[in-house]
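**Q** Can you keep this structure in mind? I'll have questions shortly.
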Amino acid sequence: MSTTALVISQAEERMKKTLVQLQREFQSIRTGRANPSILDRVEVDYYGTATLLKSLANISTPDGRSLLIQAYDKSCLKEIEQAIHKSDLGLTPTTDGAVIRINIPQPTEERRKEMVKVVKKYGEEARIALRNIRRDAADELKKLKGTQVSEDELKREEEHLQKVVDKYAKEIDKHVHDKETEVMAV
């Protein structure tokens with residue numbers, strides 16, 4: 001594998017990771033359906049340490065409109081409930097002493113529009129990451145100019161890099177559009 005191909009393949013690998021990260025962030029956005037992944041980023045103050053909720057409890061969906069949280073350590077139910085209240089998810093947990101239940105209300109039109117803004121923000125962050133990856137790869141290619149790569153070959157490789165970036169930008173746009181449609185569906 002040539003040095004330029006290696007630079008482009010490393011850039012493409014970073015772009016794939018950016019896309020995976022975007023999809024992970026989209027899972028945490030609440031739509032009208034119950035999905036345990038909306039609680040993925042909720043951190044609980046567990047004995048003075050910020051701990052992810054998913055490592056403290058089993059989260060399941062008994063039906064399409066609610067979540068059931070069963071803490072491994074029953075003594076931390078109050079902290080889990082407080083962490084869910086503090087999160088920006090707009091959820092109201094109820095505790096019956098052994099488990100926490102969360103009913104997922106149908107989001108209002110205003111809330112759906114707010115979530116679309118968040119979706120667009122995540123999409124823009126992913127596009128910025130792509131541009132940074134492209135810039136880094138282009139800088140690496142330019143360092144090779146003259147020593148290992150001719151100017152014509154450098155031009156071809158930069159065009160190839162741009163095609164790879166365009167492919168991932170379209171993929172990001174598709175994911176953003178799909179998530180916006182999902183969020184706005186009633």
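By convention here, the chains of the structure tokens are called A, B, ... in the order presented, each chain's residues are numbered starting at 1, and ligands are numbered starting at 1 in the order presented.
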Identify, on the basis of only C-alpha atoms, every residue whose closest approach to Arg135 of chain A does not exceed 12 Å; exclude the query and any residue fewer than 3 positions from it along the same chain; express the result as number ranges by chain.
**A** A: 7-8, 11, 128-132, 138-142, 158, 161-162, 165
**Q** For Arg127 of chain A, find every residue with an atom within 9 Å (counting only C-alpha atoms), except residues of its own chain fewer than 6 positions away, and show them as a list in words.
**A**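 Counting only C-alpha atoms, the residues come to Thr18, Tyr168, Ala169, Ile172 and Asp173 of chain A.
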**Q** Export, as a CSV table (one decimal), in the first residue's frame, the selected residues with all heavy atoms.
**A**
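Generated file (again.csv):
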```
chain,number,residue,atom,x,y,z
A,18,THR,N,-16.7,8.7,12.9
A,18,THR,CA,-17.5,9.9,13.1
A,18,THR,C,-19.0,9.5,12.8
A,18,THR,O,-19.9,10.0,13.5
A,18,THR,CB,-17.0,11.0,12.1
A,18,THR,OG1,-15.7,11.4,12.4
A,18,THR,CG2,-17.9,12.2,12.2
A,168,TYR,N,-19.2,10.4,2.7
A,168,TYR,CA,-19.5,10.4,4.1
A,168,TYR,C,-20.4,11.6,4.4
A,168,TYR,O,-21.3,11.5,5.3
A,168,TYR,CB,-18.3,10.4,5.0
A,168,TYR,CG,-17.8,9.0,5.0
A,168,TYR,CD1,-16.7,8.6,4.2
A,168,TYR,CD2,-18.3,8.0,5.9
A,168,TYR,CE1,-16.3,7.3,4.2
A,168,TYR,CE2,-17.8,6.7,6.0
A,168,TYR,CZ,-16.8,6.3,5.1
A,168,TYR,OH,-16.4,5.0,5.1
A,169,ALA,N,-20.3,12.7,3.8
A,169,ALA,CA,-21.1,13.9,4.0
A,169,ALA,C,-22.6,13.6,3.6
A,169,ALA,O,-23.5,13.9,4.3
A,169,ALA,CB,-20.6,15.1,3.2
A,172,ILE,N,-24.0,11.4,6.2
A,172,ILE,CA,-24.4,12.1,7.4
A,172,ILE,C,-25.8,12.9,7.1
A,172,ILE,O,-26.7,12.8,7.9
A,172,ILE,CB,-23.3,13.1,7.8
A,172,ILE,CG1,-22.2,12.4,8.4
A,172,ILE,CG2,-23.9,14.2,8.7
A,172,ILE,CD1,-20.9,13.3,8.6
A,173,ASP,N,-25.9,13.5,5.9
A,173,ASP,CA,-27.1,14.2,5.5
A,173,ASP,C,-28.3,13.2,5.5
A,173,ASP,O,-29.4,13.6,6.0
A,173,ASP,CB,-26.9,14.8,4.2
A,173,ASP,CG,-26.0,16.0,4.2
A,173,ASP,OD1,-25.7,16.5,5.3
A,173,ASP,OD2,-25.5,16.4,3.1
```
**Q** Apply DSSP to the backbone of this structure and, from segment 10-181 of chain A, keep only the residues in strand (DSSP E or B); write these as a VMD selection string.
**A** chain A and resid 43 to 46 49 to 52 57 to 63 66 to 71 93 to 95 100 to 103 145 149
**Q** Could you pull the residues within 12 Å of segment 33-45 of chain A, counting only C-alpha atoms, minus those fewer than 5 positions along the same chain, as a ChimeraX atom specification?
**A** /A:23-28,50-69,71,76-91,93,101-107,182-183,185-186
**Q** For atom CA of Tyr122 of chain A and atom CA of Glu109 of chain A, quote the distance in Å rounded to one decimal.
**A**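 It comes out at 20.1 Å.
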**Q** Which is closer to Leu19 of chain A than all the others in A:Arg111, A:Lys163, A:His175, A:Lys120, using only C-alpha atoms?
**A** A:His175
**Q** Taking into account only C-alpha atoms, which residue in the set A:Asp166, A:Glu171, A:Glu180, A:Asp73 is nearest to Val116 of chain A?
**A**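 Checking each of A:Asp166, A:Glu171, A:Glu180, A:Asp73 against Val116 of chain A, counting only C-alpha atoms, the winner is A:Glu180.
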**Q** List every residue of chain A that DSSP, applied to the backbone, labels as alpha helix (DSSP H), and write the result as number ranges by chain.
**A** A: 3-27, 77-86, 109-144, 151-184
**Q** One decimal, in Å: what's the spacing between atom CA of Ala5 of chain A and atom CA of Glu125 of chain A?
**A**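 Between these atoms lies a distance of 26.3 Å.
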**Q** Using atom CA of Glu13 of chain A and atom CA of Ala126 of chain A as the two end points, give the distance in Å to one decimal.
**A**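 Result for atom CA of Glu13 of chain A versus atom CA of Ala126 of chain A: 14.1 Å, one decimal.
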